[in-house]
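Enquirer: Structure incoming, see below.
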Number of protein chains: 2
Amino acid sequence: MIDFKLYVIIDRKSSKGRDPAYVAQEAIEGGADIIQLRDKESSAGEILKAGRAILDLTRRKKIPLIINDRVDIAVAVGADGVHLGQDDLPIGTARSMIGEGKIIGLSTHSVSQALEAQENGADYIGVGPVFSTPTKPDYKAVGVDLIREVRDRIRIPFVVIGGIDGSNIDEVLAAGARRVAVVRAVCGAEDVRGAAKRLKERLNKI
Amino acid sequence: MIDFKLYVIIDRKSSKGRDPAYVAQEAIEGGADIIQLRDKESSAGEILKAGRAILDLTRRKKIPLIINDRVDIAVAVGADGVHLGQDDLPIGTARSMIGEGKIIGLSTHSVSQALEAQENGADYIGVGPVFSTPTKPDYKAVGVDLIREVRDRIRIPFVVIGGIDGSNIDEVLAAGARRVAVVRAVCGAEDVRGAAKRLKERLNKI
């Protein structure tokens, strides 16, 4: 079973125009345990190129690289897995393309979605957005209470996401989270490495 | 080898808000020989749903359904093929995912790209944009001379695309085109079926 503490999403739009491989390298140096490449804007060819560059880095550190949404690009990159949203391809369809040995994560926004993801064979789930976040303006924050409920009812690893940074991480950890996913707090930071390092240090204390 | 005369692209953005399956049905009734679903805006889940609905229609008429760009959605839909751009996944990568029996088309904008696509195993190529078109504002029109050159040098089927409608189809046919792809001229028409019918009648005369 996959496990990790600090899950860093390298999001093209939130990276202040910096090269995704550079941002990933800094995040890994800061202590990211798993990297997701999310890019809703570039062509498949560009994402493939960035994915391959990041895979070189993650392989060296023996941490997984997950591609957001695009199962075909995940396969083409040779990534370790794919992360799907509720509106993306179904888990079963993705599984048949990417293979049994790969990781499939699913974003969930309620206990029922979390249970369904577990039932459908997700290897981990995202739970959120815990706080409101500019990265997902259309989603209503689910709040920390959902973390407690998911912790009690889900067996697969769950990672909490959504507006989490140094100012509120204690709150999600107090609610039972053991894994935290961040976008803006790391890849949007001026000092990517330092931002990852500080979050990882906090996670290492639990 | 795949062949066709009228290639209709069902483009979400150009369809005046109408349901893609409805537009596809009308285009097929009007004489489309092959349908491509292109949707750069919707989620994978929505495109999958529309693709499955359109596949029901194309199967009934025994014409191919091609999915634009997303190899994973093409596989999930069970479509007959995928159409790639120069910035999408490479043909070889797509082939290994979609399988030998499926159709792979590639957009080309020069003789060298056309030759390369043929060399890399494309089943057909698109050549264009012949005229400037609002659908691809970033592309410079290649003009009808490229049609003549491609006709003389390419063995696989080529379909010309880009701003073609009833007002200029004679010009592309005179240059040696035998297959025409349209977006706006059919799926943007008030009378989709009638628009397809008139283009098909013109193509049937050659």
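Lettering and numbering for the structure tokens are positional, with chains as A, B, ... in the shown order, residues counted from 1 in each chain, and ligands counted from 1 in the shown order.
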Please identify all residues of chain A having at least one atom at most 6 Å from any atom of chain B, considering only C-alpha atoms, and return them as a list of chain:residue names.
Expert: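 Contact residues on the first chain: A:Ser43, A:Ala44, A:Gly45, A:Val71, A:Asp72, A:Asp87, A:Asp88, A:Leu89.
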Enquirer: Sorted by chain and rising residue number, list the residues of region 13-116 of chain A at most 10 Å from region 138-149 of chain A (counting only C-alpha atoms), each with its closest atom pair and distance in Å to one decimal, as a Markdown table.
Expert:
```
| residue | atom | partner | partner_atom | distance |
| --- | --- | --- | --- | --- |
| A:His109 | CA | A:Val142 | CA | 6.9 |
| A:Ser110 | CA | A:Leu146 | CA | 7.1 |
| A:Val111 | CA | A:Glu149 | CA | 7.1 |
```
Enquirer: Given the choices B:Val82, B:Leu173, B:Ile9, B:Val23, which gets closest to Glu190 (chain B) if the distance is worked out from only C-alpha atoms?
Expert: B:Val23
Enquirer: Might you pull out every residue within 6 Å of Gly30 (chain B), with only C-alpha atoms counted and same-chain residues fewer than 6 positions away left off, and present them as a ChimeraX atom specification?
Expert: /B:193,196-197
Enquirer: Counting only C-alpha atoms, figure out which residue out of A:Arg95, A:His83, A:Arg198, A:Lys16 gets nearest to Gly31 (chain A).
Expert: A:Arg198
Enquirer: Do a neighbour search on Ile104 (chain B) at 7 Å with only C-alpha atoms, toss out local chain neighbours closer than 2 positions, and write the hits as a list in words.
Expert: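 My reading of the contact set: Gly81, Val82, His83, Lys102, Leu106, Ala122, Asp123 and Tyr124 of chain B.
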Enquirer: Just to confirm, what's the straight-line distance from CA of Gln118 (chain B) to CA of Val160 (chain B) in Å (one decimal)?
Expert: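 Computing it gives 15.5 Å between the two atoms.
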Enquirer: Can you list, as a PDB file with N, CA, C and O atoms, in the first residue's frame, every protein, DNA or RNA residue that comes within 9 Å of Arg12 (chain A) when you count only C-alpha atoms, leaving out same-chain residues fewer than 5 positions away?
Expert:
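Contents of the output file result36.pdb:
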```
ATOM      1  N   GLY A  17       4.951  30.814 -13.382  1.00  0.00           N
ATOM      2  CA  GLY A  17       5.672  30.746 -14.649  1.00  0.00           C
ATOM      3  C   GLY A  17       6.970  29.952 -14.606  1.00  0.00           C
ATOM      4  O   GLY A  17       7.683  29.864 -15.606  1.00  0.00           O
ATOM      5  N   ARG A  18       7.273  29.357 -13.464  1.00  0.00           N
ATOM      6  CA  ARG A  18       8.526  28.587 -13.370  1.00  0.00           C
ATOM      7  C   ARG A  18       8.375  27.211 -13.997  1.00  0.00           C
ATOM      8  O   ARG A  18       7.283  26.638 -14.043  1.00  0.00           O
ATOM      9  N   ASP A  19       9.471  26.665 -14.459  1.00  0.00           N
ATOM     10  CA  ASP A  19       9.491  25.349 -15.087  1.00  0.00           C
ATOM     11  C   ASP A  19       9.008  24.283 -14.094  1.00  0.00           C
ATOM     12  O   ASP A  19       9.509  24.221 -12.962  1.00  0.00           O
ATOM     13  N   PRO A  20       8.059  23.433 -14.494  1.00  0.00           N
ATOM     14  CA  PRO A  20       7.520  22.423 -13.578  1.00  0.00           C
ATOM     15  C   PRO A  20       8.609  21.508 -12.998  1.00  0.00           C
ATOM     16  O   PRO A  20       8.544  21.141 -11.817  1.00  0.00           O
ATOM     17  N   LEU A  37       1.728  15.967 -11.054  1.00  0.00           N
ATOM     18  CA  LEU A  37       1.808  17.000 -12.086  1.00  0.00           C
ATOM     19  C   LEU A  37       0.402  17.298 -12.574  1.00  0.00           C
ATOM     20  O   LEU A  37      -0.299  16.418 -13.074  1.00  0.00           O
ATOM     21  N   ARG A  38      -0.009  18.548 -12.385  1.00  0.00           N
ATOM     22  CA  ARG A  38      -1.340  18.973 -12.814  1.00  0.00           C
ATOM     23  C   ARG A  38      -1.187  20.144 -13.763  1.00  0.00           C
ATOM     24  O   ARG A  38      -0.597  21.169 -13.414  1.00  0.00           O
ATOM     25  N   ASP A  39      -1.710  19.990 -14.959  1.00  0.00           N
ATOM     26  CA  ASP A  39      -1.567  21.036 -15.968  1.00  0.00           C
ATOM     27  C   ASP A  39      -2.783  20.971 -16.884  1.00  0.00           C
ATOM     28  O   ASP A  39      -2.897  20.102 -17.729  1.00  0.00           O
ATOM     29  N   LYS A  40      -3.690  21.892 -16.649  1.00  0.00           N
ATOM     30  CA  LYS A  40      -4.945  21.911 -17.415  1.00  0.00           C
ATOM     31  C   LYS A  40      -4.819  22.799 -18.645  1.00  0.00           C
ATOM     32  O   LYS A  40      -5.788  23.003 -19.362  1.00  0.00           O
ATOM     33  N   GLU A  41      -3.630  23.377 -18.850  1.00  0.00           N
ATOM     34  CA  GLU A  41      -3.523  24.392 -19.897  1.00  0.00           C
ATOM     35  C   GLU A  41      -2.643  23.974 -21.067  1.00  0.00           C
ATOM     36  O   GLU A  41      -2.895  24.364 -22.192  1.00  0.00           O
ATOM     37  N   SER A  42      -1.614  23.197 -20.817  1.00  0.00           N
ATOM     38  CA  SER A  42      -0.646  22.893 -21.870  1.00  0.00           C
ATOM     39  C   SER A  42      -1.150  21.762 -22.757  1.00  0.00           C
ATOM     40  O   SER A  42      -2.077  21.038 -22.413  1.00  0.00           O
ATOM     41  N   CYS A 187       4.054  25.129  -4.455  1.00  0.00           N
ATOM     42  CA  CYS A 187       4.517  25.518  -5.798  1.00  0.00           C
ATOM     43  C   CYS A 187       4.236  26.984  -6.095  1.00  0.00           C
ATOM     44  O   CYS A 187       4.773  27.537  -7.053  1.00  0.00           O
TER      45      CYS A 187
END
```
Enquirer: Neighbouring residues of Val192 (chain B) were defined as those with any atom within 10 Å, considering only C-alpha atoms; residues of the same chain fewer than 4 positions away were excluded. Please report them as a PyMOL selection string.
Expert: chain B and resi 15+22-30+184-188+196-197
Enquirer: Which one of B:Ala53, B:Ala181, B:Ile91, B:Ala174 sits closest to Val159 (chain B) if you count only C-alpha atoms?
Expert: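 Looking only at the distances to Val159 (chain B), the closest residue turns out to be B:Ala181.
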Enquirer: Assign secondary structure with DSSP using the backbone only, and return the residues of region 90-191 of chain B in helix (DSSP H, G or I) as a PyMOL selection string.
Expert: chain B and resi 91-98+111-119+145-153+169-174+184-187
Enquirer: For the residues selected in the previous step, produce a file with N, CA and C atoms as an mmCIF file, in the first residue's frame.
Expert:
```
data_model
loop_
_atom_site.group_PDB
_atom_site.id
_atom_site.type_symbol
_atom_site.label_atom_id
_atom_site.label_comp_id
_atom_site.auth_asym_id
_atom_site.auth_seq_id
_atom_site.Cartn_x
_atom_site.Cartn_y
_atom_site.Cartn_z
ATOM 1 N N ILE B 91 2.383 9.575 -32.237
ATOM 2 C CA ILE B 91 1.590 8.501 -32.852
ATOM 3 C C ILE B 91 1.927 7.134 -32.244
ATOM 4 N N GLY B 92 3.197 6.848 -32.064
ATOM 5 C CA GLY B 92 3.606 5.538 -31.558
ATOM 6 C C GLY B 92 3.052 5.265 -30.169
ATOM 7 N N THR B 93 3.079 6.283 -29.321
ATOM 8 C CA THR B 93 2.540 6.179 -27.964
ATOM 9 C C THR B 93 1.034 5.929 -28.017
ATOM 10 N N ALA B 94 0.358 6.691 -28.859
ATOM 11 C CA ALA B 94 -1.086 6.532 -29.010
ATOM 12 C C ALA B 94 -1.407 5.139 -29.554
ATOM 13 N N ARG B 95 -0.623 4.685 -30.518
ATOM 14 C CA ARG B 95 -0.869 3.373 -31.130
ATOM 15 C C ARG B 95 -0.782 2.264 -30.094
ATOM 16 N N SER B 96 0.201 2.346 -29.223
ATOM 17 C CA SER B 96 0.373 1.271 -28.243
ATOM 18 C C SER B 96 -0.787 1.244 -27.250
ATOM 19 N N MET B 97 -1.440 2.387 -27.059
ATOM 20 C CA MET B 97 -2.585 2.411 -26.132
ATOM 21 C C MET B 97 -3.883 2.026 -26.815
ATOM 22 N N ILE B 98 -4.070 2.483 -28.036
ATOM 23 C CA ILE B 98 -5.381 2.318 -28.692
ATOM 24 C C ILE B 98 -5.457 1.032 -29.512
ATOM 25 N N VAL B 111 4.261 19.925 -46.012
ATOM 26 C CA VAL B 111 4.589 18.652 -46.663
ATOM 27 C C VAL B 111 5.485 17.808 -45.758
ATOM 28 N N SER B 112 6.421 18.436 -45.084
ATOM 29 C CA SER B 112 7.330 17.644 -44.241
ATOM 30 C C SER B 112 6.576 16.988 -43.081
ATOM 31 N N GLN B 113 5.627 17.712 -42.485
ATOM 32 C CA GLN B 113 4.815 17.097 -41.423
ATOM 33 C C GLN B 113 3.945 15.964 -41.984
ATOM 34 N N ALA B 114 3.430 16.145 -43.196
ATOM 35 C CA ALA B 114 2.605 15.116 -43.825
ATOM 36 C C ALA B 114 3.422 13.845 -44.077
ATOM 37 N N LEU B 115 4.615 14.015 -44.591
ATOM 38 C CA LEU B 115 5.496 12.868 -44.864
ATOM 39 C C LEU B 115 5.878 12.170 -43.564
ATOM 40 N N GLU B 116 6.152 12.951 -42.545
ATOM 41 C CA GLU B 116 6.531 12.385 -41.251
ATOM 42 C C GLU B 116 5.373 11.587 -40.639
ATOM 43 N N ALA B 117 4.158 12.120 -40.754
ATOM 44 C CA ALA B 117 2.981 11.427 -40.224
ATOM 45 C C ALA B 117 2.790 10.086 -40.932
ATOM 46 N N GLN B 118 2.951 10.098 -42.249
ATOM 47 C CA GLN B 118 2.818 8.864 -43.037
ATOM 48 C C GLN B 118 3.873 7.844 -42.594
ATOM 49 N N GLU B 119 5.083 8.325 -42.455
ATOM 50 C CA GLU B 119 6.217 7.496 -42.005
ATOM 51 C C GLU B 119 5.960 6.903 -40.613
ATOM 52 N N ASP B 145 -2.227 25.592 -52.479
ATOM 53 C CA ASP B 145 -1.045 24.997 -53.124
ATOM 54 C C ASP B 145 -0.531 23.776 -52.364
ATOM 55 N N LEU B 146 -0.659 23.830 -51.035
ATOM 56 C CA LEU B 146 -0.207 22.682 -50.231
ATOM 57 C C LEU B 146 -1.022 21.433 -50.581
ATOM 58 N N ILE B 147 -2.297 21.614 -50.937
ATOM 59 C CA ILE B 147 -3.131 20.463 -51.319
ATOM 60 C C ILE B 147 -2.511 19.754 -52.526
ATOM 61 N N ARG B 148 -2.116 20.536 -53.515
ATOM 62 C CA ARG B 148 -1.510 19.947 -54.730
ATOM 63 C C ARG B 148 -0.260 19.164 -54.396
ATOM 64 N N GLU B 149 0.550 19.749 -53.525
ATOM 65 C CA GLU B 149 1.825 19.109 -53.193
ATOM 66 C C GLU B 149 1.593 17.809 -52.404
ATOM 67 N N VAL B 150 0.688 17.879 -51.440
ATOM 68 C CA VAL B 150 0.391 16.684 -50.631
ATOM 69 C C VAL B 150 -0.207 15.590 -51.523
ATOM 70 N N ARG B 151 -1.109 15.969 -52.400
ATOM 71 C CA ARG B 151 -1.729 15.001 -53.317
ATOM 72 C C ARG B 151 -0.666 14.236 -54.100
ATOM 73 N N ASP B 152 0.380 14.925 -54.519
ATOM 74 C CA ASP B 152 1.416 14.289 -55.339
ATOM 75 C C ASP B 152 2.394 13.443 -54.525
ATOM 76 N N ARG B 153 2.483 13.696 -53.214
ATOM 77 C CA ARG B 153 3.577 13.062 -52.469
ATOM 78 C C ARG B 153 3.151 12.111 -51.354
ATOM 79 N N ILE B 169 -15.490 25.463 -51.469
ATOM 80 C CA ILE B 169 -15.183 24.038 -51.620
ATOM 81 C C ILE B 169 -14.698 23.724 -53.046
ATOM 82 N N ASP B 170 -15.247 24.432 -54.045
ATOM 83 C CA ASP B 170 -14.814 24.179 -55.429
ATOM 84 C C ASP B 170 -13.309 24.407 -55.592
ATOM 85 N N GLU B 171 -12.821 25.412 -54.869
ATOM 86 C CA GLU B 171 -11.414 25.763 -54.966
ATOM 87 C C GLU B 171 -10.514 24.630 -54.439
ATOM 88 N N VAL B 172 -10.912 24.019 -53.307
ATOM 89 C CA VAL B 172 -10.081 22.934 -52.751
ATOM 90 C C VAL B 172 -10.208 21.663 -53.580
ATOM 91 N N LEU B 173 -11.382 21.438 -54.139
ATOM 92 C CA LEU B 173 -11.547 20.254 -54.995
ATOM 93 C C LEU B 173 -10.739 20.428 -56.283
ATOM 94 N N ALA B 174 -10.722 21.635 -56.809
ATOM 95 C CA ALA B 174 -9.940 21.911 -58.024
ATOM 96 C C ALA B 174 -8.445 21.700 -57.784
ATOM 97 N N ARG B 184 -17.154 24.493 -38.312
ATOM 98 C CA ARG B 184 -18.149 25.560 -38.286
ATOM 99 C C ARG B 184 -19.209 25.425 -39.387
ATOM 100 N N ALA B 185 -18.785 25.031 -40.600
ATOM 101 C CA ALA B 185 -19.709 24.985 -41.733
ATOM 102 C C ALA B 185 -20.847 23.998 -41.515
ATOM 103 N N VAL B 186 -20.637 22.999 -40.652
ATOM 104 C CA VAL B 186 -21.728 22.060 -40.372
ATOM 105 C C VAL B 186 -22.219 22.202 -38.926
ATOM 106 N N CYS B 187 -21.350 22.008 -37.944
ATOM 107 C CA CYS B 187 -21.886 22.002 -36.571
ATOM 108 C C CYS B 187 -22.203 23.406 -36.085
#
```
Enquirer: Would you list the contacts of Lys136 (chain B) as a PyMOL selection string, taking every protein, DNA or RNA residue within 10 Å and counting only C-alpha atoms, but skipping same-chain residues closer than 5 positions in sequence?
Expert: chain B and resi 129+141+162-163
